[in-house]
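Next comes work_16.csv, with CSV, C-alpha atoms.
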```
chain,number,residue,atom,x,y,z
A,255,MET,CA,-4.9,4.8,6.0
A,256,GLY,CA,-5.8,3.7,9.5
A,257,SER,CA,-9.1,2.0,10.5
A,258,TRP,CA,-12.2,1.7,8.3
A,259,LEU,CA,-14.0,4.1,10.6
A,260,SER,CA,-11.3,6.7,10.2
A,261,MET,CA,-11.6,6.4,6.4
A,262,TRP,CA,-15.3,6.8,6.7
A,263,LEU,CA,-14.9,9.8,8.9
A,264,TRP,CA,-12.6,11.3,6.2
A,265,THR,CA,-15.4,10.8,3.6
A,266,GLN,CA,-17.9,12.5,6.0
A,267,ARG,CA,-15.6,15.5,6.5
A,268,ARG,CA,-15.3,16.0,2.8
A,269,ALA,CA,-19.1,15.7,2.4
A,270,PHE,CA,-19.7,17.9,5.6
A,271,GLY,CA,-21.4,15.1,7.5
A,272,CYS,CA,-21.3,13.2,10.8
A,273,ALA,CA,-20.6,9.5,11.0
A,274,CYS,CA,-22.3,7.0,13.4
A,275,SER,CA,-20.7,3.6,13.6
A,276,PHE,CA,-22.3,0.6,15.3
A,277,LEU,CA,-22.0,-3.2,15.4
A,278,PRO,CA,-24.9,-5.6,15.6
A,279,ARG,CA,-24.9,-8.9,17.5
A,280,ARG,CA,-23.1,-11.5,15.4
A,281,ALA,CA,-23.6,-15.0,14.0
A,282,PRO,CA,-23.4,-17.8,14.6
A,283,GLU,CA,-24.8,-17.1,18.1
A,284,HIS,CA,-27.3,-14.6,16.6
A,285,LYS,CA,-28.5,-15.7,13.2
A,286,CYS,CA,-30.5,-13.8,10.6
A,287,PRO,CA,-32.4,-11.5,11.0
A,288,THR,CA,-30.8,-10.4,14.2
A,289,ALA,CA,-28.3,-8.1,12.5
A,290,TYR,CA,-31.0,-6.4,10.4
A,291,ASN,CA,-33.2,-5.8,13.5
A,292,ASP,CA,-30.3,-4.5,15.6
A,293,CYS,CA,-29.3,-2.0,12.9
A,294,TYR,CA,-32.9,-0.9,12.3
A,295,ALA,CA,-33.2,-0.3,16.0
A,296,VAL,CA,-30.3,2.2,15.6
A,297,LEU,CA,-32.5,4.3,13.3
A,298,GLU,CA,-35.2,4.4,15.9
A,299,TRP,CA,-32.6,5.3,18.6
A,300,LEU,CA,-31.5,8.2,16.5
A,301,ASN,CA,-34.9,9.7,17.0
A,302,SER,CA,-34.7,9.3,20.8
A,303,GLU,CA,-33.9,11.8,23.5
A,304,LYS,CA,-30.8,9.8,24.4
A,305,ALA,CA,-29.5,10.3,20.9
A,306,GLU,CA,-30.4,14.0,20.9
A,307,ALA,CA,-28.3,14.5,24.1
A,308,ILE,CA,-25.2,12.9,22.4
A,309,LEU,CA,-25.3,14.0,18.8
A,310,PRO,CA,-24.0,17.4,17.7
A,311,ALA,CA,-26.7,20.0,17.7
A,312,ASN,CA,-26.4,20.6,13.9
A,313,VAL,CA,-27.1,17.0,12.9
A,314,ASP,CA,-29.9,16.9,10.3
A,315,LEU,CA,-31.8,13.6,10.6
A,316,SER,CA,-33.6,14.4,7.3
A,317,ARG,CA,-30.3,13.6,5.5
A,318,VAL,CA,-29.3,10.1,6.7
A,319,TYR,CA,-27.3,7.6,4.7
A,320,LEU,CA,-26.7,4.0,5.4
A,321,ALA,CA,-23.3,2.5,4.4
A,322,GLY,CA,-21.6,-0.8,4.9
A,323,ASP,CA,-18.7,-2.9,3.7
A,324,SER,CA,-19.0,-6.6,2.8
A,325,ALA,CA,-21.6,-8.0,5.3
A,326,GLY,CA,-22.3,-4.4,6.3
A,327,GLY,CA,-23.4,-3.7,2.7
A,328,ASN,CA,-25.8,-6.6,2.8
A,329,ILE,CA,-27.2,-5.3,6.1
A,330,ALA,CA,-27.6,-1.7,4.8
A,331,HIS,CA,-29.8,-3.0,2.0
A,332,HIS,CA,-32.0,-5.0,4.2
A,333,VAL,CA,-32.3,-2.3,6.9
A,334,ALA,CA,-33.4,0.1,4.1
A,335,ILE,CA,-36.1,-2.4,3.2
A,336,LEU,CA,-37.2,-2.6,6.9
A,337,ALA,CA,-37.3,1.2,7.1
A,338,ALA,CA,-39.4,1.7,3.9
A,339,GLY,CA,-42.9,2.8,4.7
A,340,LYS,CA,-42.2,3.3,8.4
A,341,ASP,CA,-42.7,6.7,10.0
A,342,LEU,CA,-39.3,7.5,11.3
A,343,SER,CA,-39.7,11.3,10.9
A,344,PRO,CA,-37.8,13.5,11.1
A,345,LEU,CA,-35.3,10.8,10.0
A,346,THR,CA,-35.2,10.3,6.3
A,347,LEU,CA,-32.9,7.9,4.4
A,348,ARG,CA,-31.3,9.8,1.5
A,349,GLY,CA,-29.1,7.1,0.1
A,350,LEU,CA,-27.2,3.8,0.5
A,351,VAL,CA,-23.5,3.1,0.0
A,352,LEU,CA,-22.9,-0.6,-0.5
A,353,ILE,CA,-19.2,-1.4,-0.5
A,354,GLN,CA,-18.7,-4.8,-2.1
A,355,PRO,CA,-21.9,-6.1,-0.5
A,356,PHE,CA,-22.0,-9.7,0.7
A,357,PHE,CA,-24.7,-11.2,-1.6
A,358,GLY,CA,-24.8,-14.8,-2.8
A,359,GLY,CA,-26.9,-17.7,-4.0
A,360,GLU,CA,-26.9,-21.4,-4.6
A,361,GLU,CA,-25.5,-21.0,-8.2
A,362,ARG,CA,-21.8,-20.8,-8.5
A,363,THR,CA,-20.8,-17.9,-10.6
A,364,ALA,CA,-17.8,-17.8,-12.9
A,365,ALA,CA,-16.0,-15.4,-10.6
A,366,GLU,CA,-16.4,-17.7,-7.7
A,367,LEU,CA,-15.2,-20.7,-9.6
A,368,GLN,CA,-12.3,-19.1,-11.5
A,369,MET,CA,-10.6,-17.2,-8.7
A,370,LYS,CA,-8.2,-19.6,-7.0
A,371,ASP,CA,-7.1,-18.8,-3.4
A,372,PRO,CA,-8.7,-15.3,-3.3
A,373,LEU,CA,-8.0,-13.1,-0.3
A,374,ILE,CA,-10.6,-13.1,2.5
A,375,VAL,CA,-13.4,-15.1,0.8
A,376,SER,CA,-12.6,-18.5,-0.6
A,377,LEU,CA,-15.6,-20.7,-1.6
A,378,GLU,CA,-15.2,-22.7,1.6
A,379,LEU,CA,-15.3,-19.6,3.7
A,380,LEU,CA,-18.3,-18.2,1.8
A,381,ASP,CA,-20.3,-21.3,2.4
A,382,TRP,CA,-19.3,-21.3,6.1
A,383,TYR,CA,-20.3,-17.7,6.5
A,384,TRP,CA,-23.7,-18.3,5.1
A,385,LYS,CA,-24.3,-21.5,7.1
A,386,ALA,CA,-23.3,-19.6,10.3
A,387,TYR,CA,-25.6,-16.6,9.5
A,388,LEU,CA,-28.7,-18.0,7.7
A,389,PRO,CA,-31.6,-19.6,9.6
A,390,PRO,CA,-31.4,-23.4,10.1
A,391,ASP,CA,-32.5,-25.6,7.1
A,392,SER,CA,-32.1,-22.7,4.6
A,393,ASN,CA,-29.7,-22.4,1.7
A,394,ARG,CA,-27.8,-19.6,0.0
A,395,ASP,CA,-31.0,-18.7,-2.0
A,396,HIS,CA,-32.5,-17.4,1.2
A,397,PRO,CA,-33.7,-13.8,0.7
A,398,ALA,CA,-31.0,-12.5,3.1
A,399,SER,CA,-28.3,-13.8,0.7
A,400,ASN,CA,-30.0,-13.9,-2.8
A,401,VAL,CA,-31.9,-10.6,-2.8
A,402,PHE,CA,-33.4,-11.3,-6.2
A,403,GLY,CA,-33.6,-15.1,-5.8
A,404,PRO,CA,-36.5,-17.6,-6.1
A,405,TYR,CA,-37.6,-17.0,-2.5
A,406,SER,CA,-37.2,-13.2,-2.4
A,407,ARG,CA,-40.1,-10.8,-2.1
A,408,ASP,CA,-41.0,-8.3,-4.8
A,409,ILE,CA,-39.4,-5.0,-3.8
A,410,SER,CA,-40.4,-3.1,-7.0
A,411,ASN,CA,-42.9,-1.0,-5.0
A,412,VAL,CA,-40.7,-0.5,-2.0
A,413,ALA,CA,-39.3,3.0,-1.6
A,414,ILE,CA,-35.5,2.6,-1.7
A,415,PRO,CA,-33.3,5.7,-1.9
A,416,PRO,CA,-30.5,6.0,-4.5
A,417,VAL,CA,-27.8,3.4,-4.1
A,418,LEU,CA,-24.0,3.5,-4.8
A,419,VAL,CA,-22.5,0.1,-5.2
A,420,ILE,CA,-18.7,-0.5,-5.0
A,421,VAL,CA,-17.4,-3.5,-6.9
A,422,GLY,CA,-13.9,-5.0,-7.1
A,423,GLY,CA,-12.7,-6.8,-10.2
A,424,LEU,CA,-10.8,-9.4,-8.0
A,425,ASP,CA,-13.7,-10.0,-5.7
A,426,PRO,CA,-15.3,-13.5,-6.0
A,427,LEU,CA,-18.7,-11.9,-5.1
A,428,GLN,CA,-18.6,-9.4,-8.0
A,429,GLU,CA,-21.2,-11.1,-10.1
A,430,TRP,CA,-23.7,-11.2,-7.3
A,431,GLN,CA,-23.1,-7.5,-6.7
A,432,MET,CA,-23.6,-6.7,-10.4
A,433,LYS,CA,-26.7,-8.9,-10.5
A,434,TYR,CA,-28.0,-6.8,-7.7
A,435,VAL,CA,-27.3,-3.6,-9.6
A,436,LYS,CA,-29.0,-5.0,-12.8
A,437,GLU,CA,-32.1,-6.1,-11.0
A,438,MET,CA,-32.4,-2.9,-9.0
A,439,VAL,CA,-32.2,-0.9,-12.2
A,440,THR,CA,-34.8,-3.2,-13.9
A,441,ILE,CA,-37.3,-2.4,-11.2
A,442,GLY,CA,-36.7,1.3,-11.5
A,443,LYS,CA,-34.3,2.0,-8.6
A,444,LYS,CA,-31.6,4.6,-8.9
A,445,VAL,CA,-28.2,2.8,-8.8
A,446,GLU,CA,-24.7,4.0,-9.5
A,447,VAL,CA,-21.7,1.6,-9.8
A,448,CYS,CA,-18.0,2.3,-9.2
A,449,PHE,CA,-15.9,-0.6,-10.5
A,450,PHE,CA,-12.3,-1.1,-9.4
A,451,GLU,CA,-10.6,-3.6,-11.6
A,452,ASP,CA,-7.8,-4.5,-9.2
A,453,GLY,CA,-9.9,-4.5,-6.0
A,454,VAL,CA,-10.0,-7.6,-3.9
A,455,HIS,CA,-12.8,-8.2,-1.4
A,456,MET,CA,-12.6,-5.5,1.3
A,457,PHE,CA,-9.8,-3.7,-0.5
A,458,GLY,CA,-10.5,-0.6,1.6
A,459,GLN,CA,-9.5,-2.4,4.7
A,460,LEU,CA,-6.6,-4.2,3.1
A,461,LYS,CA,-4.8,-1.0,2.3
A,462,GLN,CA,-4.9,-1.0,-1.5
A,463,ILE,CA,-4.1,2.6,-1.0
A,464,GLU,CA,-4.5,4.1,-4.4
A,465,ILE,CA,-7.9,2.6,-5.2
A,466,ALA,CA,-9.1,2.9,-1.6
A,467,GLU,CA,-8.5,6.6,-1.7
A,468,GLN,CA,-10.3,6.9,-5.1
A,469,MET,CA,-13.2,4.9,-3.6
A,470,LEU,CA,-13.6,7.4,-0.8
A,471,ILE,CA,-13.6,10.3,-3.2
A,472,ASP,CA,-16.3,8.5,-5.2
A,473,ILE,CA,-18.4,8.0,-2.1
A,474,ALA,CA,-18.0,11.6,-1.1
A,475,SER,CA,-19.1,12.7,-4.6
A,476,PHE,CA,-22.2,10.5,-4.3
A,477,LEU,CA,-23.1,12.1,-1.0
A,478,GLU,CA,-22.5,15.6,-2.3
A,479,ASN,CA,-24.6,14.9,-5.4
A,480,ARG,CA,-27.5,13.8,-3.3
A,481,GLU,CA,-27.5,17.1,-1.5
A,482,GLU,CA,-27.7,19.3,-4.7
```

Would you encode the structure as structure tokens?
Amino acid sequence: MGSWLSMWLWTQRRAFGCACSFLPRRAPEHKCPTAYNDCYAVLEWLNSEKAEAILPANVDLSRVYLAGDSAGGNIAHHVAILAAGKDLSPLTLRGLVLIQPFFGGEERTAAELQMKDPLIVSLELLDWYWKAYLPPDSNRDHPASNVFGPYSRDISNVAIPPVLVIVGGLDPLQEWQMKYVKEMVTIGKKVEVCFFEDGVHMFGQLKQIEIAEQMLIDIASFLENREE
């Protein structure tokens, strides 16, 4: 199916949209919250004259969606929090698409413990990723990782647009993703879930063709429904 960007562009064409892809500075050289700040800066850039000179003339900044896969899903959530309450007009966030977002915590979930030799994200790699990304002397219950953990802020009054969460049944992070969904619903946020029983972590990029194609259809439907 080609690159992840090409798949996202396919989704955008179906939903009559325009895709903007960007990469923040990366850990471990640039730790949290660098990625969040870099991606928030893109939202501000979209309102600039430089962006206006590059973007197609029919781009409607009142209909912007944030999307990300794995760590990108984590970033999309936190950027939406940064954007809440800020005057970015005419830019308006209409929704979030979190594809197997990279959330975690100190507690070991059943999925993390039961899945032996999972693709992409073993326990050892999960721990290394968080150590590389999180600020020094913090643990996996840091708010960047554990969004609804013991050190996280109350976001019940934060204006967050509707969220689509993609979850894979063979993803060691699935319980953290479903906890995110449950807690978001509890505080009154609009959240939809698409669960793919055979999906490993980042299955869209690993070419699990049949379910990846269905995922793109589901994402396109989510975007279309927000425009009704």

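Across the structure, atom CA of Arg394 of chain A and atom CA of Glu360 of chain A are spaced 5.0 Å apart.
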
Go ahead and compute the interatomic distance for atom CA of Leu377 of chain A and atom CA of Gln431 of chain A, in Å to one decimal.
16.0 Å

Counting only C-alpha atoms, the residue among A:Phe402, A:Phe450, A:Tyr387, A:Phe457 that lies closest to Met438 of chain A is A:Phe402

Considering all atoms listed in the file, give me a table of residues in segment 329-394 of chain A that are at most 7 Å from segment 277-285 of chain A, with the closest atom pair and distance in Å for each, as JSON lines.
```
{"residue": "A:Ala386", "atom": "CA", "partner": "A:Pro282", "partner_atom": "CA", "distance": 4.7}
{"residue": "A:Tyr387", "atom": "CA", "partner": "A:Lys285", "partner_atom": "CA", "distance": 4.8}
{"residue": "A:Leu388", "atom": "CA", "partner": "A:Lys285", "partner_atom": "CA", "distance": 6.0}
{"residue": "A:Pro389", "atom": "CA", "partner": "A:Lys285", "partner_atom": "CA", "distance": 6.1}
```

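Minimum atom-to-atom distances from A:Pro355, A:His332, A:Cys272, A:Leu345 to Ala311 of chain A were compared using only C-alpha atoms, and the lowest value belongs to A:Cys272.
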
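Proximity to Gln468 of chain A was assessed for A:Ile420, A:Met432, A:Ser275, A:Lys443 counting only C-alpha atoms; the smallest distance is recorded for A:Ile420.
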
Residues within 9 Å of Val447 of chain A, all atoms listed in the file, excluding chain neighbours under 2 positions, as a ChimeraX atom specification
/A:417-421,432,435,445,449

Produce a file of the selected residues containing C-alpha atoms, as a tab-separated table (two decimals), in the coordinates of the input.
```
chain	number	residue	atom	x	y	z
A	417	VAL	CA	-27.80	3.40	-4.10
A	418	LEU	CA	-24.00	3.50	-4.80
A	419	VAL	CA	-22.50	0.10	-5.20
A	420	ILE	CA	-18.70	-0.50	-5.00
A	421	VAL	CA	-17.40	-3.50	-6.90
A	432	MET	CA	-23.60	-6.70	-10.40
A	435	VAL	CA	-27.30	-3.60	-9.60
A	445	VAL	CA	-28.20	2.80	-8.80
A	449	PHE	CA	-15.90	-0.60	-10.50
```

Could you tell me how far atom CA of Glu467 of chain A lies from atom CA of Ala325 of chain A, in Å and to one decimal?
20.8 Å

Kindly indicate which residue among A:Thr363, A:Trp384, A:Tyr405, A:Pro415 lies nearest to Lys433 of chain A, using only C-alpha atoms for the distances.
A:Thr363

Selection near Ile441 of chain A, 9 Å with all atoms listed in the file, sequence-local residues under 4 positions removed, as a PyMOL selection string:
chain A and resi 409-411+436-437

Now that the selection is made, can you save its residues with C-alpha atoms as a CSV table (one decimal), in the frame of the given file?
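Result file part.csv:
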```csv
chain,number,residue,atom,x,y,z
A,409,ILE,CA,-39.4,-5.0,-3.8
A,410,SER,CA,-40.4,-3.1,-7.0
A,411,ASN,CA,-42.9,-1.0,-5.0
A,436,LYS,CA,-29.0,-5.0,-12.8
A,437,GLU,CA,-32.1,-6.1,-11.0
```

Using only C-alpha atoms, which protein or nucleic acid residues come within 12 Å of Ile374 of chain A? Drop anything in the same chain fewer than 3 positions from it, and give the result as a PyMOL selection string.
chain A and resi 324+369-371+377-380+383+424-427+454-457+459-460

How would you write as a list in words the residues that get within 6 Å of (-33.8, -21.0, -5.3) in the file's frame, counting only C-alpha atoms?
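Final list of nearby residues, as requested, is Asp395, Gly403 and Pro404 of chain A.
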
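Distance check against Gly359 of chain A using only C-alpha atoms: of A:Ala321, A:Ala273, A:Ile473, A:Val401, the minimum falls on A:Val401.
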
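Of the residues under consideration (A:Pro287, A:Gly339, A:Gly442, A:Gly423), A:Gly423 shows the shortest atom-to-atom contact distance to Glu366 of chain A when counting all atoms listed in the file.
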
Can segment 310-321 of chain A be brought up to all heavy atoms and written out as a short mmCIF file (atom, residue, chain, number, x, y, z; two decimals), keeping the file's coordinate frame?
```
data_model
loop_
_atom_site.label_atom_id
_atom_site.label_comp_id
_atom_site.auth_asym_id
_atom_site.auth_seq_id
_atom_site.Cartn_x
_atom_site.Cartn_y
_atom_site.Cartn_z
N PRO A 310 -24.22 15.93 17.83
CA PRO A 310 -24.00 17.40 17.70
C PRO A 310 -25.32 18.08 17.35
O PRO A 310 -26.21 17.52 16.72
CB PRO A 310 -23.05 17.44 16.45
CG PRO A 310 -22.35 16.12 16.45
CD PRO A 310 -23.36 15.12 16.94
N ALA A 311 -25.41 19.31 17.78
CA ALA A 311 -26.70 20.00 17.70
C ALA A 311 -27.07 20.28 16.20
O ALA A 311 -28.26 20.44 15.90
CB ALA A 311 -26.55 21.40 18.38
N ASN A 312 -26.10 20.31 15.30
CA ASN A 312 -26.40 20.60 13.90
C ASN A 312 -26.68 19.36 13.06
O ASN A 312 -26.77 19.44 11.83
CB ASN A 312 -25.28 21.41 13.26
CG ASN A 312 -23.97 20.66 13.23
OD1 ASN A 312 -23.81 19.66 13.94
ND2 ASN A 312 -23.03 21.12 12.43
N VAL A 313 -26.80 18.19 13.68
CA VAL A 313 -27.10 17.00 12.90
C VAL A 313 -28.51 17.09 12.34
O VAL A 313 -29.47 17.42 13.02
CB VAL A 313 -27.01 15.73 13.83
CG1 VAL A 313 -27.66 14.53 13.16
CG2 VAL A 313 -25.56 15.42 14.13
N ASP A 314 -28.60 16.79 11.04
CA ASP A 314 -29.90 16.90 10.30
C ASP A 314 -30.35 15.47 10.00
O ASP A 314 -29.84 14.83 9.09
CB ASP A 314 -29.67 17.70 9.04
CG ASP A 314 -30.97 17.91 8.28
OD1 ASP A 314 -32.01 17.34 8.68
OD2 ASP A 314 -30.95 18.66 7.28
N LEU A 315 -31.35 15.00 10.74
CA LEU A 315 -31.80 13.60 10.60
C LEU A 315 -32.65 13.46 9.28
O LEU A 315 -33.04 12.34 8.95
CB LEU A 315 -32.67 13.22 11.77
CG LEU A 315 -31.90 13.05 13.08
CD1 LEU A 315 -32.84 12.61 14.19
CD2 LEU A 315 -30.77 12.03 12.93
N SER A 316 -32.90 14.53 8.58
CA SER A 316 -33.60 14.40 7.30
C SER A 316 -32.62 14.06 6.17
O SER A 316 -33.02 13.92 5.02
CB SER A 316 -34.34 15.70 6.96
OG SER A 316 -33.44 16.74 6.66
N ARG A 317 -31.34 13.90 6.51
CA ARG A 317 -30.30 13.60 5.50
C ARG A 317 -29.41 12.48 6.01
O ARG A 317 -28.23 12.65 6.25
CB ARG A 317 -29.48 14.87 5.23
CG ARG A 317 -30.29 16.03 4.69
CD ARG A 317 -29.61 17.35 4.93
NE ARG A 317 -28.30 17.42 4.31
CZ ARG A 317 -27.38 18.34 4.62
NH1 ARG A 317 -27.66 19.24 5.56
NH2 ARG A 317 -26.22 18.35 4.01
N VAL A 318 -30.01 11.30 6.16
CA VAL A 318 -29.30 10.10 6.70
C VAL A 318 -28.95 9.17 5.56
O VAL A 318 -29.77 8.92 4.67
CB VAL A 318 -30.15 9.41 7.76
CG1 VAL A 318 -29.51 8.09 8.18
CG2 VAL A 318 -30.34 10.32 8.97
N TYR A 319 -27.74 8.63 5.63
CA TYR A 319 -27.30 7.60 4.70
C TYR A 319 -26.85 6.39 5.40
O TYR A 319 -26.25 6.47 6.48
CB TYR A 319 -26.08 8.18 3.86
CG TYR A 319 -26.42 9.36 2.99
CD1 TYR A 319 -26.47 10.65 3.52
CD2 TYR A 319 -26.71 9.19 1.63
CE1 TYR A 319 -26.80 11.74 2.73
CE2 TYR A 319 -27.04 10.28 0.84
CZ TYR A 319 -27.08 11.54 1.38
OH TYR A 319 -27.41 12.62 0.61
N LEU A 320 -27.14 5.23 4.82
CA LEU A 320 -26.70 4.00 5.40
C LEU A 320 -25.52 3.47 4.50
O LEU A 320 -25.59 3.50 3.27
CB LEU A 320 -27.79 2.92 5.34
CG LEU A 320 -29.01 3.17 6.22
CD1 LEU A 320 -30.02 2.03 6.05
CD2 LEU A 320 -28.61 3.30 7.67
N ALA A 321 -24.46 3.00 5.16
CA ALA A 321 -23.30 2.50 4.40
C ALA A 321 -22.74 1.28 5.13
O ALA A 321 -22.81 1.16 6.36
CB ALA A 321 -22.23 3.58 4.31
#
```
